[in-house]
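Data file: data-v4.pdb. Format and content: PDB, C-alpha atoms.
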```
ATOM      1  CA  MET I  19    -188.006 -46.011  70.137
ATOM      2  CA  LYS I  20    -187.598 -45.916  66.355
ATOM      3  CA  ILE I  21    -185.673 -48.907  65.021
ATOM      4  CA  GLY I  22    -184.257 -48.364  61.549
ATOM      5  CA  PHE I  23    -184.036 -51.483  59.398
ATOM      6  CA  ASP I  24    -182.626 -51.988  55.894
ATOM      7  CA  ALA I  25    -185.404 -53.928  54.188
ATOM      8  CA  MET I  26    -183.288 -54.521  51.078
ATOM      9  CA  GLY I  27    -180.136 -55.927  52.704
ATOM     10  CA  GLY I  28    -179.235 -59.627  52.706
ATOM     11  CA  ASP I  29    -179.135 -62.504  50.255
ATOM     12  CA  PHE I  30    -182.829 -63.294  50.747
ATOM     13  CA  ALA I  31    -184.193 -59.757  51.046
ATOM     14  CA  PRO I  32    -186.764 -58.361  50.805
ATOM     15  CA  ASP I  33    -188.770 -61.554  51.359
ATOM     16  CA  ALA I  34    -186.890 -62.728  54.463
ATOM     17  CA  SER I  35    -186.236 -59.235  55.808
ATOM     18  CA  ILE I  36    -189.893 -58.207  55.682
ATOM     19  CA  GLY I  37    -190.905 -61.522  57.219
ATOM     20  CA  GLY I  38    -188.460 -60.890  60.045
ATOM     21  CA  ALA I  39    -189.760 -57.357  60.561
ATOM     22  CA  LEU I  40    -193.323 -58.670  60.885
ATOM     23  CA  LEU I  41    -192.185 -61.237  63.468
ATOM     24  CA  ALA I  42    -190.262 -58.606  65.434
ATOM     25  CA  GLN I  43    -193.216 -56.244  65.395
ATOM     26  CA  GLU I  44    -195.304 -58.807  67.252
ATOM     27  CA  GLU I  45    -192.767 -58.909  70.107
ATOM     28  CA  LEU I  46    -192.091 -55.188  70.439
ATOM     29  CA  PRO I  47    -194.144 -52.932  72.717
ATOM     30  CA  GLY I  48    -196.578 -50.578  71.061
ATOM     31  CA  SER I  49    -194.372 -47.587  71.856
ATOM     32  CA  ASP I  50    -191.657 -48.881  69.513
ATOM     33  CA  ARG I  51    -191.796 -48.393  65.783
ATOM     34  CA  ILE I  52    -189.857 -50.257  63.085
ATOM     35  CA  VAL I  53    -188.722 -47.955  60.273
ATOM     36  CA  LEU I  54    -188.369 -49.947  57.044
ATOM     37  CA  ILE I  55    -185.930 -48.400  54.561
ATOM     38  CA  GLY I  56    -185.992 -49.462  50.910
ATOM     39  CA  ASP I  57    -188.212 -49.561  47.844
ATOM     40  CA  LYS I  58    -191.562 -48.417  49.206
ATOM     41  CA  LYS I  59    -193.683 -50.231  46.625
ATOM     42  CA  ILE I  60    -191.905 -53.538  47.175
ATOM     43  CA  ILE I  61    -192.038 -53.200  50.969
ATOM     44  CA  ARG I  62    -195.779 -52.485  51.026
ATOM     45  CA  SER I  63    -196.463 -55.353  48.630
ATOM     46  CA  GLN I  64    -194.406 -57.792  50.738
ATOM     47  CA  ILE I  65    -196.233 -56.791  53.932
ATOM     48  CA  GLU I  66    -199.677 -57.062  52.337
ATOM     49  CA  ASP I  67    -198.871 -60.420  50.711
ATOM     50  CA  ARG I  68    -198.128 -61.754  54.198
ATOM     51  CA  GLY I  69    -201.388 -60.412  55.611
ATOM     52  CA  GLY I  70    -199.719 -57.556  57.470
ATOM     53  CA  ASP I  71    -200.667 -53.904  57.751
ATOM     54  CA  PRO I  72    -198.145 -51.468  56.196
ATOM     55  CA  GLU I  73    -199.550 -48.678  58.361
ATOM     56  CA  ARG I  74    -198.057 -50.338  61.450
ATOM     57  CA  PHE I  75    -194.598 -49.480  60.094
ATOM     58  CA  ASP I  76    -192.839 -46.302  59.030
ATOM     59  CA  ILE I  77    -191.647 -46.803  55.453
ATOM     60  CA  VAL I  78    -188.886 -44.595  54.037
ATOM     61  CA  HIS I  79    -188.315 -44.879  50.301
ATOM     62  CA  ALA I  80    -184.825 -45.622  48.992
ATOM     63  CA  ALA I  81    -184.643 -46.318  45.279
ATOM     64  CA  ASP I  82    -181.197 -47.912  45.204
ATOM     65  CA  VAL I  83    -179.364 -50.814  46.874
ATOM     66  CA  ILE I  84    -175.687 -51.271  47.695
ATOM     67  CA  THR I  85    -175.069 -54.843  46.579
ATOM     68  CA  MET I  86    -172.710 -57.328  48.191
ATOM     69  CA  GLY I  87    -170.297 -56.887  45.275
ATOM     70  CA  ASP I  88    -170.119 -53.088  45.383
ATOM     71  CA  PRO I  89    -166.844 -51.564  46.656
ATOM     72  CA  PRO I  90    -167.969 -50.126  50.028
ATOM     73  CA  THR I  91    -166.423 -46.646  50.011
ATOM     74  CA  ARG I  92    -167.172 -45.979  46.348
ATOM     75  CA  ALA I  93    -170.726 -47.311  46.635
ATOM     76  CA  PHE I  94    -171.412 -45.174  49.685
ATOM     77  CA  SER I  95    -170.614 -42.026  47.727
ATOM     78  CA  ARG I  96    -172.090 -43.113  44.393
ATOM     79  CA  LYS I  97    -175.376 -44.493  45.698
ATOM     80  CA  PRO I  98    -176.715 -41.717  47.941
ATOM     81  CA  ASP I  99    -180.299 -42.967  47.527
ATOM     82  CA  SER I 100    -179.503 -46.506  48.657
ATOM     83  CA  SER I 101    -181.143 -48.038  51.716
ATOM     84  CA  ILE I 102    -177.856 -48.153  53.664
ATOM     85  CA  VAL I 103    -176.873 -44.542  52.967
ATOM     86  CA  ARG I 104    -180.374 -43.280  53.724
ATOM     87  CA  GLY I 105    -180.403 -45.289  56.950
ATOM     88  CA  PHE I 106    -177.174 -43.717  58.154
ATOM     89  CA  ARG I 107    -178.385 -40.267  57.173
ATOM     90  CA  MET I 108    -181.470 -40.780  59.336
ATOM     91  CA  LEU I 109    -179.387 -42.164  62.200
ATOM     92  CA  LYS I 110    -177.029 -39.196  62.119
ATOM     93  CA  CYS I 111    -179.940 -36.733  62.158
ATOM     94  CA  GLY I 112    -181.657 -38.537  65.047
ATOM     95  CA  HIS I 113    -184.690 -39.631  63.019
ATOM     96  CA  ILE I 114    -184.040 -43.230  64.111
ATOM     97  CA  ASP I 115    -182.387 -44.538  67.292
ATOM     98  CA  ALA I 116    -180.737 -47.634  65.805
ATOM     99  CA  PHE I 117    -179.964 -48.979  62.346
ATOM    100  CA  SER I 118    -179.410 -52.577  61.273
ATOM    101  CA  SER I 119    -178.739 -54.323  57.975
ATOM    102  CA  ALA I 120    -177.624 -57.686  56.604
ATOM    103  CA  GLY I 121    -176.353 -55.963  53.476
ATOM    104  CA  ASN I 122    -172.829 -55.025  52.423
ATOM    105  CA  THR I 123    -170.731 -55.258  55.605
ATOM    106  CA  GLY I 124    -168.050 -52.932  54.279
ATOM    107  CA  ALA I 125    -170.635 -50.256  53.505
ATOM    108  CA  MET I 126    -172.054 -50.598  57.013
ATOM    109  CA  LEU I 127    -168.579 -50.058  58.450
ATOM    110  CA  VAL I 128    -167.947 -47.073  56.193
ATOM    111  CA  GLY I 129    -171.269 -45.578  57.216
ATOM    112  CA  SER I 130    -170.568 -46.138  60.898
ATOM    113  CA  ILE I 131    -167.154 -44.491  60.815
ATOM    114  CA  TYR I 132    -167.932 -41.593  58.493
ATOM    115  CA  SER I 133    -171.558 -40.860  59.409
ATOM    116  CA  VAL I 134    -171.904 -41.355  63.157
ATOM    117  CA  ASN I 135    -168.125 -41.568  63.794
ATOM    118  CA  ALA I 136    -166.081 -43.589  66.235
ATOM    119  CA  VAL I 137    -166.188 -42.705  69.917
ATOM    120  CA  GLN I 138    -163.318 -40.341  70.652
ATOM    121  CA  GLY I 139    -160.280 -42.360  71.656
ATOM    122  CA  VAL I 140    -161.384 -45.620  70.040
ATOM    123  CA  ILE I 141    -158.711 -46.743  67.587
ATOM    124  CA  ARG I 142    -160.735 -49.341  65.663
ATOM    125  CA  PRO I 143    -164.420 -50.225  66.079
ATOM    126  CA  ALA I 144    -165.020 -53.976  66.257
ATOM    127  CA  THR I 145    -167.671 -56.652  65.847
ATOM    128  CA  THR I 146    -168.399 -59.650  68.033
ATOM    129  CA  GLY I 147    -169.521 -63.249  68.009
ATOM    130  CA  ILE I 148    -171.293 -65.085  70.814
ATOM    131  CA  ILE I 149    -169.873 -68.333  72.228
ATOM    132  CA  PRO I 150    -172.448 -70.438  74.153
ATOM    133  CA  GLN I 151    -170.996 -71.902  77.342
ATOM    134  CA  GLU I 152    -171.946 -75.183  78.957
ATOM    135  CA  SER I 153    -172.981 -73.358  82.135
ATOM    136  CA  GLY I 154    -175.805 -71.653  80.230
ATOM    137  CA  GLY I 155    -174.062 -68.314  79.841
ATOM    138  CA  VAL I 156    -172.205 -66.817  76.898
ATOM    139  CA  ALA I 157    -168.749 -65.507  76.083
ATOM    140  CA  VAL I 158    -168.104 -62.596  73.736
ATOM    141  CA  LEU I 159    -165.579 -63.144  70.928
ATOM    142  CA  ILE I 160    -164.011 -59.904  69.657
ATOM    143  CA  ASP I 161    -163.097 -59.210  66.815
ATOM    144  CA  VAL I 162    -164.765 -61.462  64.204
ATOM    145  CA  GLY I 163    -163.645 -59.930  60.921
ATOM    146  CA  THR I 164    -163.755 -56.147  61.075
ATOM    147  CA  ASN I 165    -160.009 -55.806  61.719
ATOM    148  CA  PRO I 166    -158.036 -58.679  60.127
ATOM    149  CA  ASP I 167    -154.753 -56.871  60.810
ATOM    150  CA  THR I 168    -154.296 -55.302  64.218
ATOM    151  CA  LYS I 169    -151.633 -54.000  66.589
ATOM    152  CA  PRO I 170    -151.195 -54.546  70.326
ATOM    153  CA  ASP I 171    -152.929 -51.313  71.342
ATOM    154  CA  VAL I 172    -155.961 -52.280  69.236
ATOM    155  CA  LEU I 173    -156.200 -55.690  70.920
ATOM    156  CA  TYR I 174    -155.882 -53.959  74.277
ATOM    157  CA  GLN I 175    -158.876 -51.779  73.444
ATOM    158  CA  PHE I 176    -160.885 -54.769  72.241
ATOM    159  CA  GLY I 177    -160.729 -55.983  75.834
ATOM    160  CA  LEU I 178    -162.435 -52.772  76.940
ATOM    161  CA  LEU I 179    -165.051 -52.802  74.157
ATOM    162  CA  GLY I 180    -165.934 -56.439  74.817
ATOM    163  CA  SER I 181    -166.010 -55.952  78.575
ATOM    164  CA  ILE I 182    -168.534 -53.108  78.327
ATOM    165  CA  TYR I 183    -170.705 -55.099  75.905
ATOM    166  CA  ALA I 184    -170.641 -58.197  78.128
ATOM    167  CA  ARG I 185    -171.533 -56.190  81.204
ATOM    168  CA  TYR I 186    -174.346 -54.008  79.947
ATOM    169  CA  VAL I 187    -175.993 -56.302  77.388
ATOM    170  CA  TYR I 188    -175.417 -59.734  78.960
ATOM    171  CA  GLY I 189    -175.378 -58.669  82.603
ATOM    172  CA  ILE I 190    -171.909 -60.001  83.473
ATOM    173  CA  GLN I 191    -170.885 -57.682  86.280
ATOM    174  CA  ARG I 192    -167.110 -58.228  86.153
ATOM    175  CA  PRO I 193    -166.293 -59.802  82.802
ATOM    176  CA  ARG I 194    -163.185 -61.962  82.677
ATOM    177  CA  VAL I 195    -161.132 -60.902  79.660
ATOM    178  CA  GLY I 196    -158.764 -63.381  78.011
ATOM    179  CA  LEU I 197    -156.398 -63.151  75.054
ATOM    180  CA  LEU I 198    -156.766 -65.987  72.539
ATOM    181  CA  ASN I 199    -153.418 -67.734  72.197
ATOM    182  CA  ILE I 200    -151.804 -71.145  71.645
ATOM    183  CA  GLY I 201    -150.838 -71.522  75.298
ATOM    184  CA  GLY I 202    -151.333 -69.992  78.694
ATOM    185  CA  GLU I 203    -147.780 -68.766  79.238
ATOM    186  CA  ALA I 204    -146.947 -65.085  78.785
ATOM    187  CA  ASP I 205    -144.281 -65.765  76.148
ATOM    188  CA  LYS I 206    -146.482 -67.972  73.955
ATOM    189  CA  GLY I 207    -147.751 -67.129  70.501
ATOM    190  CA  SER I 208    -146.962 -64.539  67.867
ATOM    191  CA  LEU I 209    -145.141 -61.269  68.497
ATOM    192  CA  LEU I 210    -148.531 -59.561  68.329
ATOM    193  CA  CYS I 211    -149.968 -61.762  71.079
ATOM    194  CA  GLN I 212    -146.875 -61.452  73.258
ATOM    195  CA  SER I 213    -146.933 -57.662  73.007
ATOM    196  CA  ALA I 214    -150.671 -57.485  73.604
ATOM    197  CA  PHE I 215    -150.316 -59.756  76.624
ATOM    198  CA  ARG I 216    -147.826 -57.359  78.237
ATOM    199  CA  LEU I 217    -150.234 -54.460  77.799
ATOM    200  CA  MET I 218    -153.325 -56.318  78.950
ATOM    201  CA  ASN I 219    -151.584 -57.908  81.919
ATOM    202  CA  ASP I 220    -151.029 -54.456  83.448
ATOM    203  CA  SER I 221    -154.530 -53.207  82.684
ATOM    204  CA  THR I 222    -156.635 -51.339  85.191
ATOM    205  CA  ASP I 223    -159.361 -50.751  82.567
ATOM    206  CA  TYR I 224    -160.806 -54.273  82.837
ATOM    207  CA  HIS I 225    -160.326 -57.655  84.482
ATOM    208  CA  PHE I 226    -157.670 -59.481  82.460
ATOM    209  CA  ILE I 227    -157.171 -63.176  83.343
ATOM    210  CA  GLY I 228    -154.361 -63.989  80.883
ATOM    211  CA  ASN I 229    -154.067 -66.100  77.761
ATOM    212  CA  VAL I 230    -156.825 -68.573  76.927
ATOM    213  CA  GLU I 231    -156.796 -71.430  74.439
ATOM    214  CA  SER I 232    -159.670 -72.234  72.110
ATOM    215  CA  ARG I 233    -160.496 -75.373  74.113
ATOM    216  CA  ASP I 234    -161.412 -73.069  77.027
ATOM    217  CA  PHE I 235    -164.176 -71.279  75.095
ATOM    218  CA  PHE I 236    -167.074 -73.363  76.355
ATOM    219  CA  ARG I 237    -166.031 -74.042  79.957
ATOM    220  CA  ASP I 238    -167.173 -70.861  81.687
ATOM    221  CA  LYS I 239    -163.537 -69.883  82.119
ATOM    222  CA  VAL I 240    -163.670 -66.561  80.266
ATOM    223  CA  ASP I 241    -166.333 -63.965  79.377
ATOM    224  CA  VAL I 242    -164.565 -61.897  76.714
ATOM    225  CA  ILE I 243    -162.150 -63.510  74.230
ATOM    226  CA  VAL I 244    -159.868 -61.038  72.448
ATOM    227  CA  CYS I 245    -158.278 -61.779  69.068
ATOM    228  CA  ASP I 246    -157.588 -60.156  65.713
ATOM    229  CA  GLY I 247    -160.434 -60.153  63.193
ATOM    230  CA  PHE I 248    -158.813 -62.723  60.919
ATOM    231  CA  THR I 249    -158.560 -65.307  63.698
ATOM    232  CA  GLY I 250    -161.991 -64.475  65.095
ATOM    233  CA  ASN I 251    -163.663 -64.854  61.718
ATOM    234  CA  VAL I 252    -162.064 -68.273  61.201
ATOM    235  CA  VAL I 253    -163.211 -69.388  64.665
ATOM    236  CA  LEU I 254    -166.765 -68.145  64.116
ATOM    237  CA  LYS I 255    -167.194 -69.727  60.695
ATOM    238  CA  ASN I 256    -165.722 -72.994  61.901
ATOM    239  CA  MET I 257    -168.357 -73.133  64.648
ATOM    240  CA  GLU I 258    -171.084 -72.353  62.114
ATOM    241  CA  ALA I 259    -169.837 -75.177  59.880
ATOM    242  CA  MET I 260    -169.732 -77.662  62.764
ATOM    243  CA  PHE I 261    -173.272 -76.696  63.750
ATOM    244  CA  ARG I 262    -174.533 -77.385  60.210
ATOM    245  CA  ILE I 263    -172.830 -80.794  60.218
ATOM    246  CA  MET I 264    -174.383 -81.672  63.574
ATOM    247  CA  VAL I 265    -177.843 -80.648  62.381
ATOM    248  CA  LYS I 266    -177.416 -82.740  59.257
ATOM    249  CA  ARG I 267    -176.458 -85.759  61.367
ATOM    250  CA  GLY I 268    -179.211 -85.241  63.943
ATOM    251  CA  LEU I 269    -176.797 -84.582  66.810
ATOM    252  CA  VAL I 270    -178.183 -81.277  68.095
ATOM    253  CA  ASP I 271    -179.457 -81.044  71.683
ATOM    254  CA  ASP I 272    -180.536 -78.034  73.780
ATOM    255  CA  TYR I 273    -176.956 -76.888  74.255
ATOM    256  CA  PHE I 274    -175.750 -77.228  70.682
ATOM    257  CA  SER I 275    -178.886 -75.567  69.327
ATOM    258  CA  ARG I 276    -177.534 -72.370  70.896
ATOM    259  CA  PHE I 277    -174.816 -72.317  68.229
ATOM    260  CA  ASN I 278    -177.407 -71.448  65.594
ATOM    261  CA  TYR I 279    -176.562 -67.932  64.344
ATOM    262  CA  GLU I 280    -180.280 -67.267  63.871
ATOM    263  CA  ASN I 281    -180.634 -66.949  67.656
ATOM    264  CA  TYR I 282    -178.458 -63.827  67.713
ATOM    265  CA  GLY I 283    -179.360 -62.188  64.431
ATOM    266  CA  GLY I 284    -176.542 -59.683  64.256
ATOM    267  CA  THR I 285    -173.629 -58.013  65.984
ATOM    268  CA  PRO I 286    -173.297 -54.370  66.997
ATOM    269  CA  ILE I 287    -170.374 -52.352  65.732
ATOM    270  CA  LEU I 288    -168.743 -51.524  69.046
ATOM    271  CA  GLY I 289    -166.915 -48.229  69.342
ATOM    272  CA  VAL I 290    -169.159 -45.900  67.312
ATOM    273  CA  ASN I 291    -171.414 -43.108  68.529
ATOM    274  CA  SER I 292    -174.702 -44.847  67.886
ATOM    275  CA  THR I 293    -176.399 -48.242  67.701
ATOM    276  CA  VAL I 294    -175.490 -50.020  64.452
ATOM    277  CA  LEU I 295    -175.920 -53.763  63.877
ATOM    278  CA  ILE I 296    -174.646 -55.955  61.057
ATOM    279  CA  GLY I 297    -176.461 -59.178  60.207
ATOM    280  CA  HIS I 298    -175.329 -62.326  58.404
ATOM    281  CA  GLY I 299    -175.799 -62.104  54.634
ATOM    282  CA  ILE I 300    -177.702 -65.405  54.614
ATOM    283  CA  SER I 301    -180.126 -64.252  57.317
ATOM    284  CA  ASN I 302    -183.606 -65.773  57.265
ATOM    285  CA  GLU I 303    -186.767 -64.446  58.909
ATOM    286  CA  THR I 304    -185.786 -65.628  62.387
ATOM    287  CA  ALA I 305    -182.331 -64.052  62.149
ATOM    288  CA  PHE I 306    -183.787 -60.758  60.943
ATOM    289  CA  LYS I 307    -186.320 -60.753  63.766
ATOM    290  CA  ASN I 308    -183.614 -61.316  66.352
ATOM    291  CA  MET I 309    -181.369 -58.652  64.831
ATOM    292  CA  ILE I 310    -184.149 -56.087  65.169
ATOM    293  CA  LEU I 311    -184.865 -57.126  68.759
ATOM    294  CA  HIS I 312    -181.156 -57.125  69.619
ATOM    295  CA  SER I 313    -180.764 -53.606  68.265
ATOM    296  CA  LYS I 314    -183.346 -52.526  70.839
ATOM    297  CA  SER I 315    -181.403 -54.285  73.623
ATOM    298  CA  VAL I 316    -178.109 -52.681  72.608
ATOM    299  CA  TYR I 317    -179.698 -49.231  72.345
ATOM    300  CA  GLU I 318    -181.398 -49.505  75.730
ATOM    301  CA  ALA I 319    -178.143 -50.739  77.309
ATOM    302  CA  GLY I 320    -176.549 -47.418  76.323
ATOM    303  CA  ILE I 321    -173.365 -49.067  75.057
ATOM    304  CA  SER I 322    -172.072 -45.929  73.327
ATOM    305  CA  ASP I 323    -172.677 -43.816  76.438
ATOM    306  CA  HIS I 324    -170.903 -46.318  78.672
ATOM    307  CA  LEU I 325    -167.996 -46.496  76.255
ATOM    308  CA  ARG I 326    -167.641 -42.721  76.127
ATOM    309  CA  ALA I 327    -167.572 -42.646  79.929
ATOM    310  CA  ALA I 328    -164.982 -45.427  79.984
ATOM    311  CA  MET I 329    -162.779 -43.614  77.475
ATOM    312  CA  ASP I 330    -162.788 -40.569  79.756
ATOM    313  CA  GLN I 331    -161.188 -42.770  82.422
ATOM    314  CA  TYR I 332    -158.957 -44.659  79.990
ATOM    315  CA  THR I 333    -155.596 -45.540  81.568
ATOM    316  CA  GLN I 334    -153.870 -47.200  78.630
ATOM    317  CA  GLY I 335    -150.129 -46.733  78.888
ATOM    318  CA  ASP I 336    -147.092 -46.174  76.701
ATOM    319  CA  PHE I 337    -146.442 -48.449  73.699
ATOM    320  CA  SER I 338    -143.027 -47.158  72.768
ATOM    321  CA  ASP I 339    -141.290 -50.365  73.880
ATOM    322  CA  LEU I 340    -143.366 -52.695  71.709
ATOM    323  CA  GLY I 341    -141.420 -52.271  68.482
ATOM    324  CA  ASP I 342    -143.194 -53.089  65.227
ATOM    325  CA  ALA I 343    -145.440 -55.859  66.612
TER     326      ALA I 343
END
```

Would you mind writing the file's structure down as structure tokens?
Amino acid sequence: MKIGFDAMGGDFAPDASIGGALLAQEELPGSDRIVLIGDKKIIRSQIEDRGGDPERFDIVHAADVITMGDPPTRAFSRKPDSSIVRGFRMLKCGHIDAFSSAGNTGAMLVGSIYSVNAVQGVIRPATTGIIPQESGGVAVLIDVGTNPDTKPDVLYQFGLLGSIYARYVYGIQRPRVGLLNIGGEADKGSLLCQSAFRLMNDSTDYHFIGNVESRDFFRDKVDVIVCDGFTGNVVLKNMEAMFRIMVKRGLVDDYFSRFNYENYGGTPILGVNSTVLIGHGISNETAFKNMILHSKSVYEAGISDHLRAAMDQYTQGDFSDLGDA
């Protein structure tokens, strides 16, 4: 497998990104190859300074970088020799099997949609967060910022995207899908949640268990938690903030240490025709390592293939009675 990796993406790149690539290389089998994309001279120098061998990597030169402040769509067209654009070009042509970056999230989304395209039938690709559960397992939170404004049919599909991810990456055979709401009753919450509930409650595409409240996240009550990207992003960042406070106060045990974002590295963009992962902008070496390793897991799970097969059997119904929700 060839794992494409943006060596220039992230607040602490290329120092942290190259360090993470070296750590990941030690855990990958010899048949896998990490393809580092970015300024070739800088990449080689970083590897050598750390006592590594540049010849153990494929290095593809990209002279430019899409910065965090660049407008995503404009930057994608105006910086064709950037590490992100070159990575997507290689992914589209099949020169790499997966591509990951902790760079400009918007540019990664633009590249995913316009280079490798969404799976036919998918309305909006989405990203996920992982919620550690007290039982030792995890729950998948979807969406976590990709789609701040959604409609009921989009939330319905998030249940399918998250269910496939939970099953084939985390081994949950029949994921329990819940809709994040302020109460368990069908008529609770916003018009969006009420309309989405009606759709999801009749679903034959996945196992819907009803509304769930945020206090149910950690109790092994639900495997996939569906919400709009605005809400999901607030939830995720609140958990990150609480984890930092607990570390500062020396309150972290084996369970709470699982809230450290470094353990997961990055999230795949679910719903596109290839394996694309987005990492946290503040990623350190450990986070980069885990993002690279997770991209291998997502690729080998065949998420895109499973989603295409699921869309062929998609039974989503009529939305004409939902109004403007």

Carefully work through the PyMOL selection byres ((chain I and resi 20) around 8) for this structure and note down the residues it includes, as a list of chain:residue names.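 Taken on the displayed file, the PyMOL selection byres ((chain I and resi 20) around 8) yields the residues I:Met19, I:Ile21, I:Gly22, I:Asp50, I:Arg51, I:Ile52, I:Val53, I:His113, I:Ile114, I:Asp115, I:Ala116.
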
Given the PyMOL selection byres ((chain I and resi 137) around 8), the residues it picks as a list of chain:residue names: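 Selected by the PyMOL selection byres ((chain I and resi 137) around 8) in this file: I:Asn135, I:Ala136, I:Gln138, I:Gly139, I:Val140, I:Gly289, I:Val290, I:Asn291, I:Ser322, I:Leu325, I:Arg326.
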
Kindly resolve the PyMOL selection byres ((chain I and resi 100) around 7) on the present coordinates and return the residues as an MDAnalysis selection string. chainID I and resid 80:84 97:99 101:104

Any idea what's packed within 10 Å of Ala125 in chain I, counting only C-alpha atoms, ignoring anything in its chain fewer than 3 positions away? Could you give it as a PyMOL selection string? chain I and resi 84-86+88-94+102-103+121-122+128-131

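If you look at CA of Glu231 in chain I and CA of Phe248 in chain I, they are 16.2 Å away from each other.
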
Enter the distance from CA of Ser275 in chain I to CA of Val252 in chain I, in Å, rounded to one decimal.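 Taking CA of Ser275 in chain I and CA of Val252 in chain I, their separation equals 20.1 Å.
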
Using only C-alpha atoms, determine which residues lie at most 9 Å from range 63-68 of chain I, disregarding the query and same-chain residues fewer than 5 positions distant; provide the list as a short mmCIF file (atom, residue, chain, number, x, y, z; two decimals) with C-alpha atoms, in the coordinates of the input.
```
data_model
loop_
_atom_site.label_atom_id
_atom_site.label_comp_id
_atom_site.auth_asym_id
_atom_site.auth_seq_id
_atom_site.Cartn_x
_atom_site.Cartn_y
_atom_site.Cartn_z
CA PRO I 32 -186.76 -58.36 50.80
CA ASP I 33 -188.77 -61.55 51.36
CA ILE I 36 -189.89 -58.21 55.68
CA GLY I 37 -190.90 -61.52 57.22
CA LEU I 40 -193.32 -58.67 60.88
CA LYS I 58 -191.56 -48.42 49.21
#
```

The centre and edge lengths of an axis-aligned box containing all atoms of range 32-43 of chain I present in the file, extended by 3 Å on each side, are to be given in Å to one decimal, as AutoDock Vina command-line options.
```
--center_x -189.8 --center_y -59.5 --center_z 58.1 --size_x 13.1 --size_y 12.5 --size_z 20.6
```

Please provide as number ranges by chain all residues within 9 Å of range 220-229 of chain I, with the sequence filter that same-chain residues fewer than 2 positions apart are discarded (counting all atoms listed in the file). I: 174, 177-178, 181, 192-204, 206, 211, 215-218, 231, 240, 328, 331-335

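Rounded to one decimal, CA of Thr145 in chain I and CA of Ser133 in chain I lie 17.5 Å from each other.
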
Write out as JSON, numbers by chain the residues lying within 8 Å of Ile182 in chain I, counting all atoms listed in the file and excluding same-chain residues fewer than 2 positions away. {"I": [178, 179, 180, 184, 185, 186, 321, 324, 325]}

For range 306-314 of chain I, list every protein, DNA or RNA residue within 8 Å, evaluated using all atoms listed in the file, and leave out those in the same chain fewer than 6 positions away; present the list as a ChimeraX atom specification. /I:21,23,34-35,38-42,46,116-118,280-286,293-295,297

Give as a PDB file with C-alpha atoms, keeping the file's coordinate frame each residue that has an atom at most 12 Å from (-176.7, -73.5, 69.9) in the file, counting only C-alpha atoms.
```pdb
ATOM      1  CA  ILE I 148    -171.293 -65.085  70.814  1.00  0.00           C
ATOM      2  CA  ILE I 149    -169.873 -68.333  72.228  1.00  0.00           C
ATOM      3  CA  PRO I 150    -172.448 -70.438  74.153  1.00  0.00           C
ATOM      4  CA  GLN I 151    -170.996 -71.902  77.342  1.00  0.00           C
ATOM      5  CA  GLU I 152    -171.946 -75.183  78.957  1.00  0.00           C
ATOM      6  CA  GLY I 154    -175.805 -71.653  80.230  1.00  0.00           C
ATOM      7  CA  GLY I 155    -174.062 -68.314  79.841  1.00  0.00           C
ATOM      8  CA  VAL I 156    -172.205 -66.817  76.898  1.00  0.00           C
ATOM      9  CA  PHE I 236    -167.074 -73.363  76.355  1.00  0.00           C
ATOM     10  CA  MET I 257    -168.357 -73.133  64.648  1.00  0.00           C
ATOM     11  CA  GLU I 258    -171.084 -72.353  62.114  1.00  0.00           C
ATOM     12  CA  MET I 260    -169.732 -77.662  62.764  1.00  0.00           C
ATOM     13  CA  PHE I 261    -173.272 -76.696  63.750  1.00  0.00           C
ATOM     14  CA  ARG I 262    -174.533 -77.385  60.210  1.00  0.00           C
ATOM     15  CA  MET I 264    -174.383 -81.672  63.574  1.00  0.00           C
ATOM     16  CA  VAL I 265    -177.843 -80.648  62.381  1.00  0.00           C
ATOM     17  CA  LEU I 269    -176.797 -84.582  66.810  1.00  0.00           C
ATOM     18  CA  VAL I 270    -178.183 -81.277  68.095  1.00  0.00           C
ATOM     19  CA  ASP I 271    -179.457 -81.044  71.683  1.00  0.00           C
ATOM     20  CA  ASP I 272    -180.536 -78.034  73.780  1.00  0.00           C
ATOM     21  CA  TYR I 273    -176.956 -76.888  74.255  1.00  0.00           C
ATOM     22  CA  PHE I 274    -175.750 -77.228  70.682  1.00  0.00           C
ATOM     23  CA  SER I 275    -178.886 -75.567  69.327  1.00  0.00           C
ATOM     24  CA  ARG I 276    -177.534 -72.370  70.896  1.00  0.00           C
ATOM     25  CA  PHE I 277    -174.816 -72.317  68.229  1.00  0.00           C
ATOM     26  CA  ASN I 278    -177.407 -71.448  65.594  1.00  0.00           C
ATOM     27  CA  TYR I 279    -176.562 -67.932  64.344  1.00  0.00           C
ATOM     28  CA  GLU I 280    -180.280 -67.267  63.871  1.00  0.00           C
ATOM     29  CA  ASN I 281    -180.634 -66.949  67.656  1.00  0.00           C
ATOM     30  CA  TYR I 282    -178.458 -63.827  67.713  1.00  0.00           C
TER      31      TYR I 282
END
```

May I ask which of the residues I:Ile190, I:Val134, I:Ala120, I:Ile77 is the closest one to Phe106 in chain I, counting all atoms listed in the file?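 Smallest distance to Phe106 in chain I is found for I:Val134.
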
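Distance check against Ile60 in chain I using all atoms listed in the file: of I:Pro72, I:Gly163, I:Pro143, I:Gly268, the minimum falls on I:Pro72.
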